[in-house]
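Asks: Sharing final-v7.cif here; it has mmCIF, C-alpha atoms.
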data_start
loop_
_atom_site.label_atom_id
_atom_site.label_comp_id
_atom_site.auth_asym_id
_atom_site.auth_seq_id
_atom_site.Cartn_x
_atom_site.Cartn_y
_atom_site.Cartn_z
CA MET A 63 20.80 -25.06 78.58
CA SER A 64 18.48 -26.23 81.33
CA LYS A 65 17.81 -29.89 82.05
CA LEU A 66 14.30 -30.95 83.02
CA THR A 67 13.48 -31.32 86.68
CA HIS A 68 13.85 -35.05 87.37
CA ASN A 69 12.49 -36.97 90.34
CA GLU A 70 13.74 -40.42 91.33
CA ASP A 71 10.49 -42.07 90.23
CA SER A 72 11.12 -41.27 86.52
CA HIS A 73 8.98 -38.14 86.56
CA TYR A 74 10.25 -35.20 84.50
CA SER A 75 8.89 -31.66 84.34
CA VAL A 76 9.57 -28.52 82.31
CA ASN A 77 11.17 -25.62 84.15
CA HIS A 78 12.10 -23.19 81.34
CA LYS A 79 8.97 -22.27 79.38
CA CYS A 80 8.29 -19.92 76.49
CA SER A 81 4.94 -18.09 76.25
CA PHE A 82 2.77 -18.68 73.19
CA ASN A 83 2.78 -15.61 70.91
CA ALA A 84 -0.18 -16.10 68.57
CA THR A 85 -0.20 -15.24 64.87
CA ALA A 86 -3.35 -15.97 62.83
CA ILE A 87 -3.17 -18.64 60.11
CA GLU A 88 -4.87 -18.13 56.75
CA LEU A 89 -7.51 -20.66 55.73
CA GLU A 90 -5.56 -21.23 52.50
CA HIS A 91 -2.69 -22.64 54.56
CA ILE A 92 -5.05 -24.85 56.57
CA ASP A 93 -6.50 -26.19 53.33
CA LYS A 94 -3.08 -27.07 51.86
CA ALA A 95 -2.06 -29.03 54.96
CA LEU A 96 -5.48 -30.70 55.16
CA THR A 97 -5.45 -31.88 51.55
CA PHE A 98 -1.95 -33.31 51.92
CA ALA A 99 -2.65 -35.06 55.25
CA TYR A 100 -5.91 -36.55 54.01
CA SER A 101 -4.22 -38.09 50.95
CA MET A 102 -1.33 -39.42 53.03
CA VAL A 103 -3.50 -41.03 55.71
CA TYR A 104 -6.86 -41.83 54.12
CA GLY A 105 -5.78 -41.92 50.47
CA GLU A 106 -2.92 -43.45 48.51
CA GLY A 107 -0.08 -42.29 50.77
CA HIS A 108 1.60 -44.06 53.67
CA HIS A 109 2.60 -43.08 57.20
CA ARG A 110 4.04 -45.54 59.70
CA SER A 111 1.86 -46.38 62.70
CA HIS A 112 4.64 -46.06 65.29
CA ARG A 113 7.49 -43.75 66.26
CA THR A 114 11.13 -44.81 65.99
CA GLY A 115 11.80 -46.94 69.07
CA GLY A 116 8.18 -46.55 70.15
CA ILE A 117 5.76 -49.18 71.41
CA SER A 118 2.36 -47.63 70.70
CA ARG A 119 0.64 -48.29 67.40
CA ARG A 120 -1.18 -45.16 66.25
CA LYS A 121 -4.67 -45.22 64.80
CA LYS A 122 -5.42 -43.36 61.57
CA GLY A 123 -7.01 -40.48 63.50
CA GLU A 124 -3.82 -39.84 65.45
CA VAL A 125 -1.63 -40.21 62.36
CA PHE A 126 -3.81 -37.67 60.54
CA CYS A 127 -3.45 -35.16 63.38
CA ASN A 128 0.33 -35.55 63.42
CA THR A 129 0.60 -35.35 59.62
CA PHE A 130 -1.65 -32.29 59.36
CA GLN A 131 0.18 -30.47 62.14
CA GLY A 132 3.61 -31.27 60.71
CA LYS A 133 2.73 -30.12 57.17
CA LEU A 134 1.00 -26.98 58.48
CA ALA A 135 4.24 -26.11 60.29
CA GLU A 136 6.11 -26.34 56.98
CA VAL A 137 3.51 -24.17 55.24
CA VAL A 138 3.49 -21.35 57.79
CA LEU A 139 7.29 -21.32 58.03
CA TYR A 140 7.61 -21.25 54.25
CA ASN A 141 5.38 -18.18 54.23
CA LEU A 142 7.28 -16.57 57.12
CA PHE A 143 10.69 -17.08 55.49
CA GLN A 144 9.38 -15.48 52.30
CA ILE A 145 8.23 -12.47 54.30
CA TYR A 146 11.85 -12.16 55.48
CA SER A 147 12.95 -12.18 51.79
CA LEU A 148 14.73 -15.53 52.09
CA THR A 149 14.99 -18.00 49.21
CA VAL A 150 12.89 -21.04 50.14
CA ASP A 151 12.40 -24.24 48.17
CA GLU A 152 8.74 -25.10 47.66
CA VAL A 153 6.98 -27.19 50.31
CA ASP A 154 6.89 -30.86 49.27
CA PHE A 155 3.26 -31.90 48.78
CA GLY A 156 4.20 -35.17 47.08
CA ILE A 157 2.17 -38.17 48.24
CA HIS A 158 4.74 -40.78 49.21
CA GLY A 159 4.19 -44.52 49.46
CA LYS A 160 5.75 -46.92 51.95
CA GLY A 161 9.52 -46.64 52.29
CA THR A 162 9.69 -43.11 50.83
CA TRP A 163 9.82 -39.77 52.67
CA ASP A 164 11.08 -36.19 52.21
CA ASP A 165 14.71 -35.97 53.25
CA CYS A 166 14.38 -32.33 54.32
CA ASP A 167 11.46 -30.24 55.63
CA LEU A 168 12.56 -26.93 54.08
CA LYS A 169 15.68 -25.70 52.33
CA VAL A 170 16.23 -22.01 53.03
CA ASN A 171 19.07 -20.03 51.41
CA GLY A 172 20.76 -23.37 50.81
CA LYS A 173 20.46 -24.52 54.46
CA ARG A 174 18.47 -27.58 55.52
CA VAL A 175 15.82 -26.85 58.17
CA ASN A 176 14.13 -29.58 60.21
CA ILE A 177 10.71 -28.51 61.54
CA LYS A 178 9.07 -29.86 64.67
CA SER A 179 5.48 -29.07 65.59
CA ALA A 180 3.50 -29.14 68.83
CA ALA A 181 0.43 -27.72 70.58
CA SER A 182 0.55 -24.18 71.96
CA PHE A 183 1.11 -25.38 75.54
CA ALA A 184 4.12 -27.57 74.66
CA ASN A 185 7.57 -26.43 75.79
CA LEU A 186 9.91 -29.08 74.39
CA LEU A 187 11.51 -29.67 71.03
CA LEU A 188 11.72 -33.47 70.93
CA LEU A 189 13.80 -35.70 68.66
CA GLU A 190 13.38 -39.48 68.71
CA ALA A 191 16.73 -40.69 70.01
CA GLN A 192 17.10 -43.72 67.74
CA ASP A 193 16.91 -41.43 64.69
CA TRP A 194 20.10 -39.50 65.55
CA ASP A 195 23.78 -40.29 66.11
CA GLU A 196 26.43 -38.44 68.13
CA ASN A 197 27.44 -36.40 65.07
CA GLY A 198 23.95 -35.01 64.59
CA ASN A 199 23.18 -37.21 61.59
CA TYR A 200 19.59 -38.25 60.84
CA LEU A 201 19.98 -42.02 60.56
CA PRO A 202 17.00 -42.82 58.26
CA ASN A 203 18.57 -40.52 55.66
CA THR A 204 21.99 -42.11 56.20
CA LEU A 205 20.56 -45.58 55.54
CA ALA A 206 18.79 -44.32 52.42
CA GLY A 207 21.96 -42.70 51.08
CA GLU A 208 20.52 -39.19 51.47
CA ASN A 209 22.02 -36.08 53.08
CA ALA A 210 21.88 -36.83 56.81
CA GLN A 211 22.76 -33.40 58.22
CA TYR A 212 20.24 -30.72 59.12
CA ASP A 213 21.66 -27.24 59.70
CA TYR A 214 18.87 -25.92 61.91
CA PHE A 215 15.83 -27.12 63.87
CA VAL A 216 12.68 -25.04 64.47
CA LEU A 217 9.75 -25.59 66.87
CA VAL A 218 6.36 -24.36 65.63
CA ARG A 219 3.32 -24.47 67.95
CA PHE A 220 -0.40 -24.34 67.19
CA LYS A 221 -3.65 -23.33 68.83
CA PRO A 222 -6.07 -25.04 69.06
CA ASP A 223 -4.65 -28.52 69.55
CA ILE A 224 -5.99 -30.63 66.66
CA LYS A 225 -5.73 -33.75 68.84
CA ASN A 226 -8.28 -32.30 71.26
CA ILE A 227 -10.60 -31.45 68.35
CA PHE A 228 -10.45 -35.01 67.04
CA GLN A 229 -10.82 -36.50 70.53
CA SER A 230 -13.96 -34.43 71.14
CA LYS A 231 -15.57 -36.16 68.13
CA GLY A 232 -14.27 -39.64 68.94
CA MET A 233 -12.03 -39.56 65.86
CA PHE A 234 -8.55 -39.57 67.39
CA TYR A 235 -8.33 -43.24 68.40
CA SER A 236 -10.18 -44.47 65.32
CA ASN A 237 -9.18 -46.30 62.13
CA GLU A 238 -12.43 -45.29 60.45
CA ILE A 239 -12.02 -43.48 57.13
CA TYR A 240 -13.70 -40.08 57.44
CA GLY A 241 -14.75 -37.93 54.49
CA LEU A 242 -12.64 -34.96 53.43
CA THR A 243 -15.68 -32.67 53.63
CA GLU A 244 -16.40 -33.79 57.20
CA ILE A 245 -12.83 -33.12 58.38
CA LYS A 246 -12.66 -29.82 56.52
CA ALA A 247 -15.85 -28.57 58.20
CA LEU A 248 -14.41 -29.58 61.57
CA LEU A 249 -11.13 -27.74 61.05
CA TYR A 250 -12.81 -24.68 59.56
CA SER A 251 -15.11 -24.36 62.59
CA VAL A 252 -12.29 -22.82 64.68
CA ASN A 253 -9.74 -20.05 64.28
CA TRP A 254 -6.12 -21.20 63.97
CA PHE A 255 -2.98 -19.57 65.34
CA TYR A 256 0.73 -20.41 65.41
CA ASP A 257 3.97 -19.21 66.90
CA VAL A 258 7.62 -20.02 66.37
CA ALA A 259 8.84 -21.01 69.82
CA GLY A 260 12.45 -20.88 68.65
CA CYS A 261 15.28 -22.67 66.90
CA MET A 262 18.60 -24.41 67.45
CA SER A 263 21.57 -25.44 65.31
CA ASN A 264 23.04 -28.85 64.53
CA LEU A 265 25.86 -27.95 66.91
CA THR A 266 23.31 -27.69 69.73
CA LEU A 267 21.89 -31.10 68.79
CA LYS A 268 25.36 -32.63 69.15
CA ALA A 269 25.60 -31.08 72.62
CA LEU A 270 22.19 -32.50 73.59
CA VAL A 271 23.33 -35.99 72.56
CA ALA A 272 26.73 -35.70 74.25
CA GLN A 273 25.30 -34.33 77.51
CA ARG A 274 22.40 -36.82 77.60
CA TYR A 275 19.48 -34.43 77.39
CA LEU A 276 17.27 -37.50 77.16
CA ILE A 277 13.79 -38.44 78.38
CA PRO A 278 13.65 -42.26 78.50
CA GLN A 279 10.85 -44.42 77.19
CA GLY A 280 8.21 -44.95 79.90
CA ALA A 281 9.08 -41.77 81.82
CA ILE A 282 6.24 -39.46 82.89
CA LEU A 283 6.43 -35.88 81.59
CA ASN A 284 4.71 -33.04 83.45
CA GLY A 285 2.78 -35.48 85.62
CA HIS A 286 0.64 -37.18 82.96
CA ILE A 287 2.36 -37.80 79.60
CA LYS A 288 3.99 -41.23 79.28
CA MET A 289 6.88 -41.18 76.83
CA ASP A 290 6.45 -43.75 74.08
CA ALA A 291 10.12 -43.68 73.00
CA ASN A 292 13.50 -42.29 74.07
CA ASN A 293 13.70 -38.63 73.07
CA TYR A 294 16.44 -36.02 73.06
CA TYR A 295 15.04 -32.67 74.15
CA ILE A 296 15.65 -28.97 74.52
CA GLN A 297 13.29 -26.74 76.48
CA ALA A 298 11.51 -23.96 74.57
CA GLY A 299 12.97 -21.35 76.90
CA ASP A 300 16.46 -22.40 75.78
CA LEU A 301 15.78 -22.04 72.06
CA LYS A 302 17.07 -19.08 70.06
CA PRO A 303 14.47 -16.65 68.63
CA ILE A 304 13.50 -16.87 64.97
CA SER A 305 15.34 -13.58 64.38
CA PHE A 306 18.59 -15.44 65.20
CA LEU A 307 17.90 -18.00 62.48
CA VAL A 308 16.93 -15.34 59.92
CA ALA A 309 20.19 -13.49 60.58
CA LYS A 310 22.18 -16.73 60.21
CA LEU A 311 20.41 -17.64 56.97
CA LYS A 312 21.04 -14.20 55.48
CA GLY A 313 24.70 -14.66 56.44
#
Using structure tokens, write down the structure that the file contains.
Replies:
Amino acid sequence: MSKLTHNEDSHYSVNHKCSFNATAIELEHIDKALTFAYSMVYGEGHHRSHRTGGISRRKKGEVFCNTFQGKLAEVVLYNLFQIYSLTVDEVDFGIHGKGTWDDCDLKVNGKRVNIKSAASFANLLLLEAQDWDENGNYLPNTLAGENAQYDYFVLVRFKPDIKNIFQSKGMFYSNEIYGLTEIKALLYSVNWFYDVAGCMSNLTLKALVAQRYLIPQGAILNGHIKMDANNYYIQAGDLKPISFLVAKLKG
């Protein structure tokens, strides 16, 4: 695995990229993720306003973008795994209140899959460092008495970047409650695409922790992104292809 290029002034940059390989997303999938994210952020659900170990407090617009993108990643992967004739538990669309969350993104052929999402130009799978221990356990699940081990991790990327769409309308850094119809029209005004940048196993996560594949809080990534929290990372170019995961899941 390749470590990021690191300068002495806490600047880090990606050096092992993976090209975006676009697949069109059905509007039905967009609608499912939109309905869920709207209820979680602007309805009766709850999402925390900060990342684990993070300083920044996110506005509702940013939380919506993150929630929509994360749920859309689950939806498209669920569909993809079904195409590969794998047994996949249904996507959780339950609207959770404060202190409650899903303990697993997808369960596929009995294996627990953690899904990370990003924009099409992103080339890192990031995991907030304070959420994980040296044995690859997800600490929030440990504290809640849930299963703390994920078997695999997958990075899904999207085009366009929903954050840019919301920023163009002044909605990203806003706590204003927007109407569902307004957001739906905005998201339906563009064509959506995804790719699966790759995957890794829990064994790889343990190696990332042990070998300190870590971007510290406050570091500058790719010249302009200030890291809000400590994050373990793996570069997209070091991830295994989705075909590797399908073969593993079929056993």
Asks: One decimal, in Å: what's the spacing between CA of Tyr295 (chain A) and CA of Leu187 (chain A)?
Replies: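 Between CA of Tyr295 (chain A) and CA of Leu187 (chain A) the gap works out to 5.6 Å.
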Asks: Determine, counting all atoms listed in the file, which protein, DNA and RNA residues have an atom within 6 Å of an atom of Ala84 (chain A); residues of the same chain fewer than 4 positions away are not included. Present the result as a list in words.
Replies: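 These residues fall inside the cut-off: Phe255, Tyr256 and Asp257 of chain A.
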Asks: Pull out every residue that the PyMOL selection byres ((chain A and resi 261) around 10) matches in the shown coordinates and put them as an MDAnalysis selection string.
Replies: chainID A and resid 175:178 187 214:218 258:260 262:263 266 296 298 300:307
Asks: Step by step, work through what the PyMOL selection byres ((chain A and resi 278) around 10) selects in the shown file, and finish by giving those residues as a list in words.
Replies: Ser72, Tyr74, Ala191, Tyr275, Leu276, Ile277, Gln279, Gly280, Ala281, Ile282, Lys288, Met289, Asp290, Ala291, Asn292, Asn293 and Tyr294 of chain A
Asks: Let me see the file: selected residues, C-alpha atoms, as a CSV table (one decimal), in the coordinates of the input.
Replies:
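Result file is selection_3.csv:
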chain,number,residue,atom,x,y,z
A,72,SER,CA,11.1,-41.3,86.5
A,74,TYR,CA,10.2,-35.2,84.5
A,191,ALA,CA,16.7,-40.7,70.0
A,275,TYR,CA,19.5,-34.4,77.4
A,276,LEU,CA,17.3,-37.5,77.2
A,277,ILE,CA,13.8,-38.4,78.4
A,279,GLN,CA,10.8,-44.4,77.2
A,280,GLY,CA,8.2,-45.0,79.9
A,281,ALA,CA,9.1,-41.8,81.8
A,282,ILE,CA,6.2,-39.5,82.9
A,288,LYS,CA,4.0,-41.2,79.3
A,289,MET,CA,6.9,-41.2,76.8
A,290,ASP,CA,6.4,-43.8,74.1
A,291,ALA,CA,10.1,-43.7,73.0
A,292,ASN,CA,13.5,-42.3,74.1
A,293,ASN,CA,13.7,-38.6,73.1
A,294,TYR,CA,16.4,-36.0,73.1
Asks: Report the residues retrieved by the PyMOL selection byres ((chain A and resi 227-236) around 9) from the displayed file, expressed as an MDAnalysis selection string.
Replies: chainID A and resid 120:127 222:226 237:240 248:249
Asks: I'd like the neighbourhood of Phe130 (chain A) as a list in words, where a residue qualifies if any of its atoms comes within 9 Å (using all atoms listed in the file), though same-chain residues fewer than 6 positions away should be ignored.
Replies: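 Those residues are Ile92, Ala95, Leu96, Thr97, Phe98, Ala99, Tyr100 and Ile224 of chain A.
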Asks: Can you write out the residues you just picked, keeping C-alpha atoms, as a compact mmCIF listing (two decimals), in the coordinates of the input?
Replies:
# COMPACT_ATOMS: atom_id res chain seq x y z
CA ILE A 92 -5.05 -24.85 56.57
CA ALA A 95 -2.06 -29.03 54.96
CA LEU A 96 -5.48 -30.70 55.16
CA THR A 97 -5.45 -31.88 51.55
CA PHE A 98 -1.95 -33.31 51.92
CA ALA A 99 -2.65 -35.06 55.25
CA TYR A 100 -5.91 -36.55 54.01
CA ILE A 224 -5.99 -30.63 66.66
Asks: Might you pull out every residue within 12 Å of region 251-254 of chain A, with all atoms listed in the file counted and same-chain residues fewer than 6 positions away left off, and present them as number ranges by chain?
Replies: A: 84-93, 131, 134, 138, 181-182, 219-224, 227, 244-245
Asks: CA of Ala135 (chain A) and CA of Phe183 (chain A), how far apart in Å?
Replies: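 Rounded to one decimal, the two atoms are 15.6 Å apart.
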Asks: State, in Å with one decimal place, the distance from CA of Trp194 (chain A) to CA of Asp154 (chain A).
Replies: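 Going from CA of Trp194 (chain A) over to CA of Asp154 (chain A) covers 22.7 Å.
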Asks: Which is closer to Asn77 (chain A) than all the others in A:Asp195, A:Leu186, A:Gln211, A:Asn171, using only C-alpha atoms?
Replies: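 Looking at the shortest contact to Asn77 (chain A), the residue is A:Leu186.
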Asks: Using only C-alpha atoms, which protein or nucleic acid residues come within 9 Å of Pro202 (chain A)? Drop anything in the same chain fewer than 6 positions from it, and give the result as JSON, numbers by chain.
Replies: {"A": [165, 193, 194, 208, 210]}
Asks: First collect every listed atom of region 294-299 of chain A; then fit an axis-aligned box around them, widen it by 8 Å on each side, and give centre and edge lengths in Å to one decimal, as lines of an AutoDock Vina configuration file.
Replies:
center_x = 14.0
center_y = -28.7
center_z = 75.0
size_x = 20.9
size_y = 30.7
size_z = 19.8
Asks: Looking at A:Ala247, A:Asn185, A:Asn209, A:Ser179, which one is nearest to Val76 (chain A), with distances taken over only C-alpha atoms?
Replies: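 Of all the options, A:Asn185 lies closest to Val76 (chain A).
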Asks: Fix up region 258-279 of chain A with N, CA and C atoms, then write it as an mmCIF file, in the coordinates of the input.
Replies:
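Result file is result34.cif:
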data_model
loop_
_atom_site.group_PDB
_atom_site.id
_atom_site.type_symbol
_atom_site.label_atom_id
_atom_site.label_comp_id
_atom_site.auth_asym_id
_atom_site.auth_seq_id
_atom_site.Cartn_x
_atom_site.Cartn_y
_atom_site.Cartn_z
ATOM 1 N N VAL A 258 6.340 -19.351 66.492
ATOM 2 C CA VAL A 258 7.620 -20.020 66.370
ATOM 3 C C VAL A 258 8.286 -19.917 67.731
ATOM 4 N N ALA A 259 8.288 -21.032 68.464
ATOM 5 C CA ALA A 259 8.840 -21.010 69.820
ATOM 6 C C ALA A 259 10.327 -20.719 69.819
ATOM 7 N N GLY A 260 11.018 -21.144 68.748
ATOM 8 C CA GLY A 260 12.450 -20.880 68.650
ATOM 9 C C GLY A 260 13.157 -21.886 67.770
ATOM 10 N N CYS A 261 14.483 -21.820 67.776
ATOM 11 C CA CYS A 261 15.280 -22.670 66.900
ATOM 12 C C CYS A 261 16.590 -23.046 67.585
ATOM 13 N N MET A 262 17.270 -24.031 66.999
ATOM 14 C CA MET A 262 18.600 -24.410 67.450
ATOM 15 C C MET A 262 19.393 -24.904 66.240
ATOM 16 N N SER A 263 20.707 -24.988 66.383
ATOM 17 C CA SER A 263 21.570 -25.440 65.310
ATOM 18 C C SER A 263 21.935 -26.906 65.473
ATOM 19 N N ASN A 264 22.566 -27.470 64.454
ATOM 20 C CA ASN A 264 23.040 -28.850 64.530
ATOM 21 C C ASN A 264 24.096 -28.984 65.626
ATOM 22 N N LEU A 265 24.866 -27.937 65.849
ATOM 23 C CA LEU A 265 25.860 -27.950 66.910
ATOM 24 C C LEU A 265 25.204 -28.150 68.276
ATOM 25 N N THR A 266 24.055 -27.518 68.472
ATOM 26 C CA THR A 266 23.310 -27.690 69.730
ATOM 27 C C THR A 266 22.801 -29.114 69.853
ATOM 28 N N LEU A 267 22.331 -29.700 68.753
ATOM 29 C CA LEU A 267 21.890 -31.100 68.790
ATOM 30 C C LEU A 267 23.016 -32.014 69.255
ATOM 31 N N LYS A 268 24.216 -31.808 68.740
ATOM 32 C CA LYS A 268 25.360 -32.630 69.150
ATOM 33 C C LYS A 268 25.595 -32.498 70.653
ATOM 34 N N ALA A 269 25.427 -31.289 71.185
ATOM 35 C CA ALA A 269 25.600 -31.080 72.620
ATOM 36 C C ALA A 269 24.517 -31.798 73.421
ATOM 37 N N LEU A 270 23.280 -31.800 72.913
ATOM 38 C CA LEU A 270 22.190 -32.500 73.590
ATOM 39 C C LEU A 270 22.479 -34.000 73.677
ATOM 40 N N VAL A 271 23.004 -34.557 72.589
ATOM 41 C CA VAL A 271 23.330 -35.990 72.560
ATOM 42 C C VAL A 271 24.489 -36.281 73.518
ATOM 43 N N ALA A 272 25.539 -35.468 73.438
ATOM 44 C CA ALA A 272 26.730 -35.700 74.250
ATOM 45 C C ALA A 272 26.450 -35.562 75.736
ATOM 46 N N GLN A 273 25.584 -34.618 76.101
ATOM 47 C CA GLN A 273 25.300 -34.330 77.510
ATOM 48 C C GLN A 273 24.053 -35.054 78.018
ATOM 49 N N ARG A 274 23.517 -35.952 77.210
ATOM 50 C CA ARG A 274 22.400 -36.820 77.600
ATOM 51 C C ARG A 274 21.155 -36.025 78.035
ATOM 52 N N TYR A 275 20.774 -35.084 77.189
ATOM 53 C CA TYR A 275 19.480 -34.430 77.390
ATOM 54 C C TYR A 275 18.435 -35.385 76.824
ATOM 55 N N LEU A 276 18.069 -36.373 77.619
ATOM 56 C CA LEU A 276 17.270 -37.500 77.160
ATOM 57 C C LEU A 276 16.140 -37.801 78.137
ATOM 58 N N ILE A 277 14.926 -37.938 77.591
ATOM 59 C CA ILE A 277 13.790 -38.440 78.380
ATOM 60 C C ILE A 277 13.599 -39.892 77.968
ATOM 61 N N PRO A 278 13.721 -40.844 78.897
ATOM 62 C CA PRO A 278 13.650 -42.260 78.500
ATOM 63 C C PRO A 278 12.226 -42.730 78.248
ATOM 64 N N GLN A 279 12.137 -43.760 77.439
ATOM 65 C CA GLN A 279 10.850 -44.420 77.190
ATOM 66 C C GLN A 279 10.225 -44.839 78.519
#
